[in-house]
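Colleague: Following this line is input.txt, made up of compact mmCIF, C-alpha atoms:
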```txt
# COMPACT_ATOMS: atom_id res chain seq x y z
CA MET A 1 26.07 34.76 26.33
CA ASN A 2 23.95 34.49 29.48
CA ARG A 3 22.77 38.03 30.16
CA GLU A 4 21.82 38.89 33.75
CA ALA A 5 19.46 41.73 34.63
CA VAL A 6 20.53 43.40 37.85
CA ILE A 7 19.37 46.23 40.07
CA VAL A 8 22.10 48.84 40.37
CA ASP A 9 20.19 51.19 42.63
CA ALA A 10 16.65 52.00 43.73
CA VAL A 11 15.04 55.08 45.24
CA ARG A 12 11.56 56.22 46.20
CA THR A 13 9.93 59.34 47.54
CA PRO A 14 8.35 59.49 50.95
CA VAL A 15 4.69 58.61 50.47
CA GLY A 16 2.19 61.39 51.05
CA LYS A 17 -1.47 61.14 51.98
CA ARG A 18 -4.03 62.11 49.37
CA GLY A 19 -4.40 65.86 49.82
CA GLY A 20 -1.37 65.82 52.11
CA GLN A 21 2.22 67.01 51.99
CA LEU A 22 2.86 66.10 48.34
CA ARG A 23 -0.39 67.64 47.06
CA GLU A 24 1.40 70.59 45.45
CA TRP A 25 3.70 68.37 43.39
CA HIS A 26 2.72 67.92 39.76
CA PRO A 27 3.16 64.17 39.09
CA VAL A 28 5.60 64.89 36.25
CA ASP A 29 7.78 66.94 38.59
CA LEU A 30 7.59 64.29 41.31
CA LEU A 31 8.75 61.69 38.79
CA ALA A 32 11.44 64.03 37.47
CA GLN A 33 12.86 64.55 40.96
CA THR A 34 12.93 60.78 41.49
CA LEU A 35 14.65 60.06 38.17
CA ALA A 36 17.20 62.82 38.71
CA THR A 37 18.02 61.46 42.16
CA LEU A 38 18.48 57.94 40.81
CA VAL A 39 20.85 58.86 37.99
CA GLU A 40 22.83 61.24 40.22
CA ARG A 41 23.26 58.57 42.90
CA THR A 42 24.42 55.92 40.47
CA GLY A 43 26.56 58.13 38.25
CA VAL A 44 25.34 56.19 35.21
CA ASP A 45 26.28 57.71 31.88
CA HIS A 46 23.05 59.26 30.61
CA GLN A 47 23.97 58.33 27.06
CA GLN A 48 24.01 54.64 27.95
CA LEU A 49 20.36 54.63 29.00
CA SER A 50 18.10 53.02 26.41
CA ASP A 51 14.65 53.71 27.84
CA VAL A 52 12.66 54.98 30.80
CA ILE A 53 9.60 52.79 31.47
CA VAL A 54 7.11 54.17 33.98
CA GLY A 55 4.01 52.69 35.57
CA CYS A 56 1.01 54.94 36.16
CA ALA A 57 -2.46 53.53 36.82
CA ILE A 58 -4.70 56.58 36.39
CA GLN A 59 -3.51 58.19 33.17
CA GLN A 60 -5.75 61.22 33.09
CA GLY A 61 -5.34 64.94 33.60
CA GLU A 62 -1.81 65.82 34.69
CA GLN A 63 -0.81 62.13 34.47
CA ALA A 64 -1.88 61.80 30.82
CA GLY A 65 0.28 62.43 27.76
CA ASN A 66 3.07 59.94 28.56
CA VAL A 67 4.25 60.97 32.01
CA ALA A 68 7.45 58.96 31.46
CA ARG A 69 8.73 61.10 28.60
CA ASN A 70 7.73 64.33 30.31
CA GLY A 71 9.32 63.22 33.57
CA LEU A 72 12.66 62.34 32.02
CA LEU A 73 12.75 65.69 30.23
CA GLY A 74 12.06 67.38 33.56
CA ALA A 75 14.92 65.40 35.08
CA GLY A 76 17.36 66.87 32.57
CA LEU A 77 18.00 63.55 30.83
CA PRO A 78 18.98 63.52 27.15
CA LEU A 79 16.46 64.66 24.56
CA THR A 80 17.35 61.50 22.66
CA LEU A 81 16.20 59.24 25.51
CA PRO A 82 12.72 57.77 24.96
CA GLY A 83 10.19 57.01 27.64
CA THR A 84 6.92 55.12 27.78
CA THR A 85 4.10 54.84 30.30
CA LEU A 86 2.19 51.64 31.08
CA ASP A 87 -0.85 50.61 33.09
CA ARG A 88 -0.91 47.27 34.89
CA GLN A 89 -3.08 48.80 37.59
CA CYS A 90 -1.56 48.47 41.09
CA GLY A 91 1.40 46.52 39.70
CA SER A 92 2.35 49.13 37.10
CA GLY A 93 5.65 50.10 38.72
CA GLN A 94 6.60 46.45 39.12
CA GLN A 95 5.70 45.73 35.49
CA ALA A 96 7.85 48.67 34.39
CA VAL A 97 10.84 47.01 36.06
CA HIS A 98 9.91 43.69 34.41
CA PHE A 99 9.84 45.24 30.94
CA ALA A 100 13.21 46.93 31.54
CA ALA A 101 14.75 43.69 32.79
CA GLN A 102 13.28 41.65 29.95
CA ALA A 103 14.72 44.04 27.37
CA ILE A 104 18.12 43.76 29.05
CA LYS A 105 18.01 39.97 29.19
CA SER A 106 17.03 39.85 25.50
CA GLY A 107 20.03 41.95 24.47
CA GLU A 108 18.07 44.96 23.23
CA TYR A 109 19.09 47.21 26.14
CA ASN A 110 22.08 47.41 28.47
CA PHE A 111 20.77 50.09 30.84
CA ALA A 112 17.18 51.14 31.46
CA ILE A 113 15.07 52.66 34.21
CA GLY A 114 11.91 51.04 35.54
CA ALA A 115 9.82 53.45 37.58
CA GLY A 116 6.35 54.41 38.76
CA VAL A 117 4.43 57.49 39.79
CA GLU A 118 0.95 58.33 41.04
CA SER A 119 -0.54 61.51 42.43
CA MET A 120 -3.92 60.48 43.77
CA SER A 121 -4.32 64.04 45.08
CA ARG A 122 -4.54 65.40 41.56
CA VAL A 123 -6.65 62.94 39.57
CA GLU A 124 -10.27 61.82 39.49
CA LEU A 125 -10.65 58.56 41.41
CA GLY A 126 -14.25 57.52 40.77
CA PRO A 127 -13.70 54.83 38.09
CA LEU A 128 -11.05 53.13 40.24
CA PHE A 129 -13.60 52.09 42.80
CA ILE A 130 -16.84 52.16 40.79
CA PRO A 131 -16.65 50.39 37.40
CA GLY A 132 -19.62 52.42 36.19
CA GLY A 133 -18.09 55.70 37.36
CA PRO A 134 -18.20 59.07 35.61
CA ARG A 135 -16.16 57.88 32.63
CA GLY A 136 -18.44 54.93 31.94
CA GLN A 137 -18.05 51.19 32.31
CA TRP A 138 -14.47 50.01 32.30
CA TYR A 139 -15.31 46.56 31.09
CA GLY A 140 -17.75 47.19 28.26
CA LEU A 141 -20.96 45.31 27.63
CA ARG A 142 -19.38 42.12 26.28
CA ALA A 143 -17.04 41.58 29.23
CA LEU A 144 -19.82 42.38 31.68
CA ALA A 145 -22.16 39.95 29.94
CA ARG A 146 -19.56 37.20 30.30
CA PHE A 147 -19.78 37.55 34.08
CA GLY A 148 -23.52 37.97 34.39
CA GLY A 149 -23.37 41.74 34.21
CA ASN A 150 -21.45 41.97 37.47
CA ILE A 151 -17.73 42.64 37.76
CA PRO A 152 -17.48 44.42 41.11
CA ALA A 153 -15.17 47.24 42.06
CA GLN A 154 -12.19 46.29 44.21
CA GLY A 155 -13.79 46.88 47.61
CA PRO A 156 -16.71 44.49 47.05
CA SER A 157 -14.25 41.97 45.63
CA ALA A 158 -12.26 42.20 48.86
CA GLU A 159 -15.44 41.36 50.77
CA LEU A 160 -15.85 38.26 48.57
CA ILE A 161 -12.30 37.21 49.48
CA ILE A 162 -13.10 37.59 53.18
CA SER A 163 -16.14 35.35 52.81
CA LYS A 164 -14.31 32.72 50.76
CA TRP A 165 -11.36 32.42 53.17
CA GLY A 166 -13.38 32.97 56.32
CA PHE A 167 -11.33 35.84 57.73
CA THR A 168 -12.72 37.70 60.72
CA ARG A 169 -12.84 41.45 61.16
CA LYS A 170 -10.43 41.07 64.07
CA GLN A 171 -7.88 39.26 61.89
CA LEU A 172 -8.02 42.08 59.36
CA ASP A 173 -7.69 44.78 62.00
CA ASP A 174 -4.89 43.00 63.86
CA PHE A 175 -2.92 42.65 60.62
CA SER A 176 -3.46 46.34 59.85
CA ILE A 177 -2.35 47.47 63.29
CA ARG A 178 0.80 45.39 62.88
CA SER A 179 1.45 47.06 59.51
CA HIS A 180 1.53 50.45 61.23
CA GLN A 181 3.63 49.15 64.11
CA ARG A 182 6.22 47.64 61.78
CA ALA A 183 6.35 50.70 59.53
CA ALA A 184 6.71 53.01 62.53
CA ALA A 185 9.50 50.88 63.98
CA ALA A 186 11.33 50.78 60.63
CA THR A 187 11.02 54.54 60.29
CA GLN A 188 12.30 55.16 63.82
CA ALA A 189 15.22 52.80 63.21
CA GLY A 190 16.13 54.67 60.02
CA TYR A 191 15.65 51.70 57.70
CA PHE A 192 14.02 53.82 54.97
CA ALA A 193 16.30 56.86 55.18
CA SER A 194 18.88 55.82 52.60
CA GLN A 195 16.30 55.06 49.92
CA LEU A 196 14.31 58.32 50.10
CA VAL A 197 14.31 60.98 47.39
CA PRO A 198 14.73 64.49 48.81
CA VAL A 199 11.43 66.32 48.39
CA ASP A 200 9.77 69.26 50.09
CA GLY A 201 6.35 68.76 51.63
CA THR A 202 3.64 71.34 52.21
CA ALA A 203 1.92 71.31 55.59
CA LYS A 204 -1.75 72.14 56.06
CA ASP A 205 -0.84 75.71 56.98
CA GLY A 206 1.22 76.12 53.80
CA THR A 207 4.60 75.78 55.47
CA VAL A 208 7.14 74.10 53.17
CA SER A 209 9.89 71.90 54.60
CA ALA A 210 11.88 68.77 53.78
CA MET A 211 9.73 65.64 53.91
CA THR A 212 11.75 62.80 55.40
CA THR A 213 9.14 60.21 56.45
CA ASP A 214 6.03 58.57 55.04
CA GLU A 215 3.02 60.63 56.00
CA GLY A 216 0.41 57.92 56.59
CA ILE A 217 2.15 55.86 59.27
CA ARG A 218 0.59 55.97 62.75
CA SER A 219 3.07 55.22 65.53
CA VAL A 220 0.18 54.32 67.83
CA VAL A 221 -3.07 52.71 66.70
CA ASP A 222 -5.91 52.26 69.17
CA PRO A 223 -7.42 48.78 68.63
CA GLU A 224 -10.77 49.93 69.99
CA LYS A 225 -10.97 52.83 67.55
CA MET A 226 -9.92 50.50 64.73
CA ALA A 227 -12.71 48.09 65.68
CA ASP A 228 -15.25 50.94 65.78
CA LEU A 229 -14.62 52.01 62.16
CA ALA A 230 -17.67 51.48 59.96
CA PRO A 231 -17.49 49.09 56.98
CA VAL A 232 -17.11 50.99 53.72
CA PHE A 233 -18.71 48.78 51.10
CA SER A 234 -21.67 47.20 52.90
CA PRO A 235 -23.15 47.44 56.42
CA GLU A 236 -22.41 43.74 56.97
CA GLY A 237 -18.90 43.93 55.51
CA ALA A 238 -15.47 43.93 57.15
CA ILE A 239 -13.42 46.30 54.96
CA THR A 240 -12.91 49.68 56.61
CA ALA A 241 -10.68 52.68 56.08
CA GLY A 242 -8.38 51.12 58.67
CA ASN A 243 -7.74 47.75 57.02
CA ALA A 244 -7.42 48.97 53.43
CA SER A 245 -4.52 50.73 51.74
CA GLN A 246 -4.33 54.50 51.89
CA MET A 247 -4.85 56.65 48.80
CA SER A 248 -1.53 58.41 48.37
CA ASP A 249 1.05 60.26 46.27
CA GLY A 250 4.55 59.04 45.47
CA ALA A 251 7.15 57.87 42.98
CA GLY A 252 9.94 55.32 42.78
CA ALA A 253 12.63 54.31 40.29
CA LEU A 254 15.20 51.54 39.77
CA LEU A 255 18.24 51.46 37.50
CA ILE A 256 18.27 48.07 35.76
CA ALA A 257 21.35 46.94 33.84
CA GLU A 258 23.08 43.99 32.26
CA ARG A 259 25.48 42.80 34.93
CA SER A 260 28.72 42.69 32.94
CA LYS A 261 27.96 46.08 31.35
CA ALA A 262 27.27 47.63 34.74
CA GLU A 263 30.49 46.25 36.20
CA ALA A 264 32.47 47.41 33.17
CA ALA A 265 31.07 50.90 33.73
CA GLY A 266 32.23 50.85 37.35
CA LEU A 267 28.74 50.37 38.78
CA ARG A 268 28.07 47.89 41.60
CA PRO A 269 25.03 45.65 41.10
CA ARG A 270 23.03 45.19 44.31
CA ALA A 271 20.68 42.37 43.31
CA ARG A 272 19.97 39.98 40.47
CA ILE A 273 16.46 39.66 39.05
CA ILE A 274 16.11 35.92 38.75
CA SER A 275 12.46 35.49 37.80
CA MET A 276 9.49 37.58 36.69
CA ALA A 277 5.94 36.39 36.25
CA VAL A 278 2.50 37.74 35.49
CA ALA A 279 -0.75 35.83 35.99
CA ALA A 280 -4.48 36.35 35.81
CA ASP A 281 -7.44 34.82 37.61
CA ASP A 282 -11.12 35.47 38.29
CA PRO A 283 -11.86 39.21 37.80
CA VAL A 284 -14.80 38.97 40.16
CA LEU A 285 -12.58 37.91 43.07
CA GLN A 286 -9.75 40.09 41.58
CA PHE A 287 -7.10 39.40 44.24
CA THR A 288 -6.36 35.69 43.87
CA ALA A 289 -3.87 35.97 40.99
CA VAL A 290 -1.08 36.56 43.53
CA LEU A 291 -1.16 32.80 44.08
CA PRO A 292 -0.44 31.60 40.50
CA ALA A 293 1.91 34.54 39.91
CA THR A 294 3.98 33.54 42.93
CA GLN A 295 4.05 29.89 41.88
CA LYS A 296 5.12 30.83 38.35
CA ALA A 297 7.98 32.94 39.68
CA LEU A 298 9.11 30.14 42.01
CA ASP A 299 8.99 27.58 39.22
CA GLN A 300 10.99 29.80 36.87
CA ALA A 301 13.63 30.32 39.55
CA GLY A 302 13.75 26.64 40.52
CA LEU A 303 12.96 27.56 44.11
CA SER A 304 10.40 26.62 46.72
CA ILE A 305 8.65 29.06 49.04
CA SER A 306 10.87 27.87 51.90
CA ASP A 307 13.90 29.24 50.01
CA ILE A 308 12.52 32.78 50.12
CA ASP A 309 13.88 34.84 53.00
CA LEU A 310 11.55 37.86 52.74
CA VAL A 311 8.24 38.43 50.99
CA GLU A 312 6.29 41.58 50.17
CA VAL A 313 2.61 41.08 49.32
CA ASN A 314 1.00 44.42 48.59
CA GLU A 315 -1.55 45.39 51.21
CA ALA A 316 -4.26 46.62 48.85
CA PHE A 317 -6.64 45.25 51.47
CA ALA A 318 -5.71 43.22 54.55
CA PRO A 319 -7.23 39.95 53.26
CA VAL A 320 -4.80 39.84 50.31
CA PRO A 321 -1.55 39.16 52.24
CA LEU A 322 -3.55 37.02 54.66
CA LEU A 323 -4.89 34.75 51.91
CA TRP A 324 -1.41 34.56 50.33
CA ALA A 325 0.21 33.57 53.62
CA ALA A 326 -2.51 31.02 54.33
CA GLU A 327 -2.13 29.34 50.94
CA PHE A 328 1.68 29.21 51.00
CA GLY A 329 2.05 28.58 54.74
CA TYR A 330 4.54 31.41 54.95
CA PRO A 331 5.78 32.76 58.31
CA GLN A 332 4.27 36.10 59.30
CA ASP A 333 7.60 37.28 60.70
CA GLN A 334 9.09 37.18 57.18
CA LEU A 335 6.12 38.83 55.46
CA ASN A 336 5.88 42.62 55.01
CA VAL A 337 8.41 43.02 57.77
CA ASN A 338 8.54 46.83 57.61
CA GLY A 339 4.83 47.39 57.16
CA GLY A 340 2.99 47.85 53.89
CA SER A 341 0.51 49.95 51.98
CA ILE A 342 -2.04 49.96 54.81
CA ALA A 343 0.41 51.99 56.88
CA ILE A 344 2.69 53.62 54.33
CA GLY A 345 0.18 54.24 51.53
CA HIS A 346 -0.50 53.00 48.02
CA PRO A 347 0.23 55.49 45.22
CA LEU A 348 -0.97 52.96 42.65
CA GLY A 349 1.51 53.21 39.79
CA SER A 350 4.55 53.66 42.03
CA THR A 351 3.93 50.98 44.65
CA GLY A 352 5.77 48.23 42.75
CA ALA A 353 8.89 50.39 42.52
CA ARG A 354 8.61 51.32 46.20
CA LEU A 355 8.20 47.73 47.37
CA LEU A 356 11.12 46.49 45.26
CA THR A 357 13.22 49.29 46.71
CA GLN A 358 12.24 48.36 50.26
CA LEU A 359 12.74 44.63 49.62
CA LEU A 360 16.22 45.21 48.21
CA ASN A 361 17.27 47.33 51.17
CA GLU A 362 15.89 44.91 53.75
CA LEU A 363 17.65 41.93 52.12
CA GLU A 364 20.89 43.88 52.39
CA ARG A 365 20.26 44.97 55.96
CA ARG A 366 19.66 41.37 57.06
CA GLY A 367 22.29 39.79 54.84
CA ALA A 368 19.53 37.62 53.37
CA ARG A 369 19.57 36.05 49.92
CA TYR A 370 16.15 35.78 48.21
CA GLY A 371 13.20 38.16 48.23
CA LEU A 372 9.84 37.91 46.53
CA LEU A 373 7.34 40.65 45.68
CA THR A 374 3.81 40.07 44.43
CA ILE A 375 1.11 42.66 43.80
CA CYS A 376 -2.58 42.07 43.08
CA GLU A 377 -4.01 44.16 40.24
CA GLY A 378 -7.41 45.34 39.08
CA GLY A 379 -9.19 42.99 36.72
CA GLY A 380 -7.83 39.88 38.44
CA MET A 381 -4.12 40.06 37.56
CA ALA A 382 -0.87 39.94 39.53
CA ASN A 383 2.87 40.25 39.02
CA ALA A 384 5.59 38.48 40.96
CA THR A 385 9.34 39.13 41.09
CA ILE A 386 12.13 37.20 42.80
CA ILE A 387 15.43 38.95 43.41
CA GLU A 388 18.72 37.64 44.80
CA ARG A 389 21.02 39.89 46.79
CA ILE A 390 24.50 40.18 45.35
```
Just dump the structure as structure tokens.

Modeller:
Amino acid sequence: MNREAVIVDAVRTPVGKRGGQLREWHPVDLLAQTLATLVERTGVDHQQLSDVIVGCAIQQGEQAGNVARNGLLGAGLPLTLPGTTLDRQCGSGQQAVHFAAQAIKSGEYNFAIGAGVESMSRVELGPLFIPGGPRGQWYGLRALARFGGNIPAQGPSAELIISKWGFTRKQLDDFSIRSHQRAAAATQAGYFASQLVPVDGTAKDGTVSAMTTDEGIRSVVDPEKMADLAPVFSPEGAITAGNASQMSDGAGALLIAERSKAEAAGLRPRARIISMAVAADDPVLQFTAVLPATQKALDQAGLSISDIDLVEVNEAFAPVPLLWAAEFGYPQDQLNVNGGSIAIGHPLGSTGARLLTQLLNELERRGARYGLLTICEGGGMANATIIERI
């Protein structure tokens, strides 16, 4: 029997700035609210769920101790339902969906949840950006020795990408301004409304109210102020706070099912997962693995890049989607059409779930067929997913 893994539904929280409106949410509770919303919307029989797989990149403090299991318990799901937490860095939420879909295609599961969560307000961030941060070297002496004692943090790697591809500061800033413009337009048009989990946000003055939009989006960005921002990683560099992703809080979740089982249960599949790939490349450059990951996913699906109607390339830093588009010759008007992590924010472990949710909804809104998501990941990895609207 040919088993198809399908997306039945997908939800995500509004994204909050680090220290912003979601700062009071414990990450387990934020995940629990997201999971509860997903299962309530779908009406899936809780007893049919086989697993809850959750991506989380910084598994320390409140996000340690298997946030997946704790989150599903907080969501009121069965005590007999297991959960596991994984770390594929920025692609963790996307990898969680891959593992759920792979288990369904193999016949082990019929229904599973792939999700992600990250509260960057409530964890220590040093090691993310500085490999020799307060918890010591990530890579260990042997891995460092293999690369001449120098595996840079992500920011310096982004500067290497800029040099290698010859991008200008203006190109980076123009792309980033467009990210905000597109995200603001999508928000104003209500494109995100149907996918958002209901959560309360806490304003600076302590006022609590329903949070219905992503906090980091700027409806107006002054190009002159953007150009005046100082480089972050070196005085001669081009990466600034304006052309890099925002540190953020958020969660997302997708119900993945075997198509015939979903239909038999009275659930309507929204998209078919037709290929999933993971790739790795030079950890010094870090961001180039989106290229082989994309090609692997296309080859598995038997498609060419011209077949893909919409693409999401995570905006960890502006040069990443720019290098991807340059290498594949992909039209900018089909890439990150509703803005990306530069405008909306990048809660690391949840971004993959958020972007799949947004891609699914935009395919449906446009009546388009194929969408592709690829996310660069720390250490020189990347995931890629191709979905087909049903």

Colleague: Identify which of the residues A:Ala183, A:Ala384, A:Leu360, A:Ile305 lies closest to Ile217 (chain A), counting all atoms listed in the file when measuring atom-to-atom distances.

Modeller: A:Ala183

Colleague: For Pro14 (chain A), please output as a list of chain:residue names all residues within 7 Å (counting all atoms listed in the file; exclusion window: fewer than 5 positions along the same chain).

Modeller: A:Leu196, A:Met211, A:Thr212, A:Thr213, A:Asp214, A:Gly250

Colleague: Hey, what's within 8 Å of Ala277 (chain A) if we count only C-alpha atoms and toss same-chain stuff fewer than 2 positions away? As a PyMOL selection string, please?

Modeller: chain A and resi 275+279+293-294+296-297+383-385

Colleague: Tell me which of A:Ala184, A:Ile256, A:Val54, A:Cys376 sits closest to Thr42 (chain A), counting all atoms listed in the file.

Modeller: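 Going through A:Ala184, A:Ile256, A:Val54, A:Cys376 one by one, the smallest distance to Thr42 (chain A) is for A:Ile256.
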
Colleague: In Å, rounded to a single decimal, give me how far CA of Leu303 (chain A) is from CA of Ile162 (chain A).

Modeller: 29.4 Å

Colleague: My list of candidates is A:Lys105, A:Pro27, A:Gly91, A:Glu118. Which is closest to Gly74 (chain A) when distances are computed with all atoms listed in the file?

Modeller: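 So, comparing all the options, the nearest one is A:Pro27.
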
Colleague: Using only C-alpha atoms, can you tell me which of A:Lys204, A:Arg69, A:Lys225, A:His180 comes closest to Arg23 (chain A)?

Modeller: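 When distances to Arg23 (chain A) are compared using only C-alpha atoms, the smallest one comes from A:Lys204.
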
Colleague: Check the smallest atom-to-atom distance from each of A:Arg272, A:Arg122, A:Arg178, A:Arg369 to Glu62 (chain A) using all atoms listed in the file, then report the winner.

Modeller: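 Of A:Arg272, A:Arg122, A:Arg178, A:Arg369, the one nearest Glu62 (chain A) is A:Arg122, counting all atoms listed in the file.
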
Colleague: I'd like to know which of A:Ile308, A:Met276, A:Leu22, A:Ala244 is closest to Gln94 (chain A), using all atoms listed in the file.

Modeller: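 Of the candidates, the smallest distance to Gln94 (chain A) is held by A:Met276.
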
Colleague: Dig up all the protein and nucleic acid residues within 12 Å of (5.1, 49.6, 62.4) in the file frame, using only C-alpha atoms, and format them as JSON, numbers by chain.

Modeller: {"A": [175, 176, 177, 178, 179, 180, 181, 182, 183, 184, 185, 186, 187, 188, 189, 191, 214, 216, 217, 218, 219, 220, 221, 336, 337, 338, 339, 340, 341, 342, 343, 344]}

Colleague: Which residues of region 32-125 of chain A sit at most 9 Å from region 258-268 of chain A, using only C-alpha atoms? Give each one's shortest atom pair and distance in Å (one decimal place), in chain and ascending residue order, as CSV.

Modeller:
```
residue,atom,partner,partner_atom,distance
A:Thr42,CA,A:Leu267,CA,7.2
A:Gly43,CA,A:Leu267,CA,8.1
A:Val44,CA,A:Leu267,CA,7.6
A:Asp45,CA,A:Ala265,CA,8.5
A:Ala101,CA,A:Glu258,CA,8.4
A:Ile104,CA,A:Glu258,CA,5.9
A:Lys105,CA,A:Glu258,CA,7.2
A:Gly107,CA,A:Glu258,CA,8.6
A:Tyr109,CA,A:Glu258,CA,8.0
A:Asn110,CA,A:Glu258,CA,5.2
A:Phe111,CA,A:Glu258,CA,6.7
```

Colleague: Each side padded by 6 Å, which centre and which edge lengths in Å (one decimal) define the axis-aligned box around the listed atoms of region 110-120 of chain A? Give them as lines of an AutoDock Vina configuration file.

Modeller:
```
center_x = 9.1
center_y = 54.5
center_z = 36.1
size_x = 38.0
size_y = 26.1
size_z = 27.3
```

Colleague: If I take CA of Gly371 (chain A) and CA of Phe317 (chain A), how far is one from the other in Å, to one decimal?

Modeller: 21.3 Å

Colleague: When you look at region 320-322 of chain A with a cut-off of 9 Å (counting all atoms listed in the file), what residues show up, excluding the ones that are within fewer than 3 positions of it in the same chain? I need them as a PyMOL selection string.

Modeller: chain A and resi 158+161+167+171-172+175+287-288+290+312-317+325-327+335-336+376

Colleague: Please, which residues are within 12 Å of (-12.3, 49.3, 69.0) by the file's coordinates, counting only C-alpha atoms, and could they come as a ChimeraX atom specification?

Modeller: /A:169-170,173-174,177,221-230,242

Colleague: Could you write those residues out with C-alpha atoms, as a PDB file, in the coordinates of the input?

Modeller:
```pdb
ATOM      1  CA  ARG A 169     -12.840  41.450  61.160  1.00  0.00           C
ATOM      2  CA  LYS A 170     -10.430  41.070  64.070  1.00  0.00           C
ATOM      3  CA  ASP A 173      -7.690  44.780  62.000  1.00  0.00           C
ATOM      4  CA  ASP A 174      -4.890  43.000  63.860  1.00  0.00           C
ATOM      5  CA  ILE A 177      -2.350  47.470  63.290  1.00  0.00           C
ATOM      6  CA  VAL A 221      -3.070  52.710  66.700  1.00  0.00           C
ATOM      7  CA  ASP A 222      -5.910  52.260  69.170  1.00  0.00           C
ATOM      8  CA  PRO A 223      -7.420  48.780  68.630  1.00  0.00           C
ATOM      9  CA  GLU A 224     -10.770  49.930  69.990  1.00  0.00           C
ATOM     10  CA  LYS A 225     -10.970  52.830  67.550  1.00  0.00           C
ATOM     11  CA  MET A 226      -9.920  50.500  64.730  1.00  0.00           C
ATOM     12  CA  ALA A 227     -12.710  48.090  65.680  1.00  0.00           C
ATOM     13  CA  ASP A 228     -15.250  50.940  65.780  1.00  0.00           C
ATOM     14  CA  LEU A 229     -14.620  52.010  62.160  1.00  0.00           C
ATOM     15  CA  ALA A 230     -17.670  51.480  59.960  1.00  0.00           C
ATOM     16  CA  GLY A 242      -8.380  51.120  58.670  1.00  0.00           C
TER      17      GLY A 242
END
```

Colleague: Need to verify the contact set: Gln21 (chain A), 12 Å, only C-alpha atoms, exclusion of same-chain residues closer than 4 positions in sequence. Can you return it as a list in words?

Modeller: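 Answer for this query is Thr13, Pro14, Val15, Gly16, Lys17, Trp25, Ser119, Ser121, Val199, Asp200, Gly201, Thr202, Ala203, Lys204, Asp205, Gly206, Thr207, Val208, Ser209, Ala210, Met211, Thr212, Thr213, Asp214, Glu215, Gly216, Ser248, Asp249 and Gly250 of chain A.
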
Colleague: So that I have them on file, write out the residues from the current selection with C-alpha atoms, as an mmCIF file, in the coordinates of the input.

Modeller:
```cif
data_model
loop_
_atom_site.group_PDB
_atom_site.id
_atom_site.type_symbol
_atom_site.label_atom_id
_atom_site.label_comp_id
_atom_site.auth_asym_id
_atom_site.auth_seq_id
_atom_site.Cartn_x
_atom_site.Cartn_y
_atom_site.Cartn_z
ATOM 1 C CA THR A 13 9.930 59.340 47.540
ATOM 2 C CA PRO A 14 8.350 59.490 50.950
ATOM 3 C CA VAL A 15 4.690 58.610 50.470
ATOM 4 C CA GLY A 16 2.190 61.390 51.050
ATOM 5 C CA LYS A 17 -1.470 61.140 51.980
ATOM 6 C CA TRP A 25 3.700 68.370 43.390
ATOM 7 C CA SER A 119 -0.540 61.510 42.430
ATOM 8 C CA SER A 121 -4.320 64.040 45.080
ATOM 9 C CA VAL A 199 11.430 66.320 48.390
ATOM 10 C CA ASP A 200 9.770 69.260 50.090
ATOM 11 C CA GLY A 201 6.350 68.760 51.630
ATOM 12 C CA THR A 202 3.640 71.340 52.210
ATOM 13 C CA ALA A 203 1.920 71.310 55.590
ATOM 14 C CA LYS A 204 -1.750 72.140 56.060
ATOM 15 C CA ASP A 205 -0.840 75.710 56.980
ATOM 16 C CA GLY A 206 1.220 76.120 53.800
ATOM 17 C CA THR A 207 4.600 75.780 55.470
ATOM 18 C CA VAL A 208 7.140 74.100 53.170
ATOM 19 C CA SER A 209 9.890 71.900 54.600
ATOM 20 C CA ALA A 210 11.880 68.770 53.780
ATOM 21 C CA MET A 211 9.730 65.640 53.910
ATOM 22 C CA THR A 212 11.750 62.800 55.400
ATOM 23 C CA THR A 213 9.140 60.210 56.450
ATOM 24 C CA ASP A 214 6.030 58.570 55.040
ATOM 25 C CA GLU A 215 3.020 60.630 56.000
ATOM 26 C CA GLY A 216 0.410 57.920 56.590
ATOM 27 C CA SER A 248 -1.530 58.410 48.370
ATOM 28 C CA ASP A 249 1.050 60.260 46.270
ATOM 29 C CA GLY A 250 4.550 59.040 45.470
#
```

Colleague: Between CA of Ala251 (chain A) and CA of Ala32 (chain A), what distance in Å does the model show, to one decimal?

Modeller: 9.3 Å

Colleague: Find the residues around Ser194 (chain A) up to 10 Å (only C-alpha atoms counted), leave out those fewer than 2 positions away in its own chain, and share them as a PyMOL selection string.

Modeller: chain A and resi 10-12+190-192+196-197+361

Colleague: Could you write out the selected residues, including C-alpha atoms, as a short mmCIF file (atom, residue, chain, number, x, y, z; two decimals), keeping the file's coordinate frame?

Modeller:
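Output contents, as saved in again.cif:
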```
data_model
loop_
_atom_site.label_atom_id
_atom_site.label_comp_id
_atom_site.auth_asym_id
_atom_site.auth_seq_id
_atom_site.Cartn_x
_atom_site.Cartn_y
_atom_site.Cartn_z
CA ALA A 10 16.65 52.00 43.73
CA VAL A 11 15.04 55.08 45.24
CA ARG A 12 11.56 56.22 46.20
CA GLY A 190 16.13 54.67 60.02
CA TYR A 191 15.65 51.70 57.70
CA PHE A 192 14.02 53.82 54.97
CA LEU A 196 14.31 58.32 50.10
CA VAL A 197 14.31 60.98 47.39
CA ASN A 361 17.27 47.33 51.17
#
```
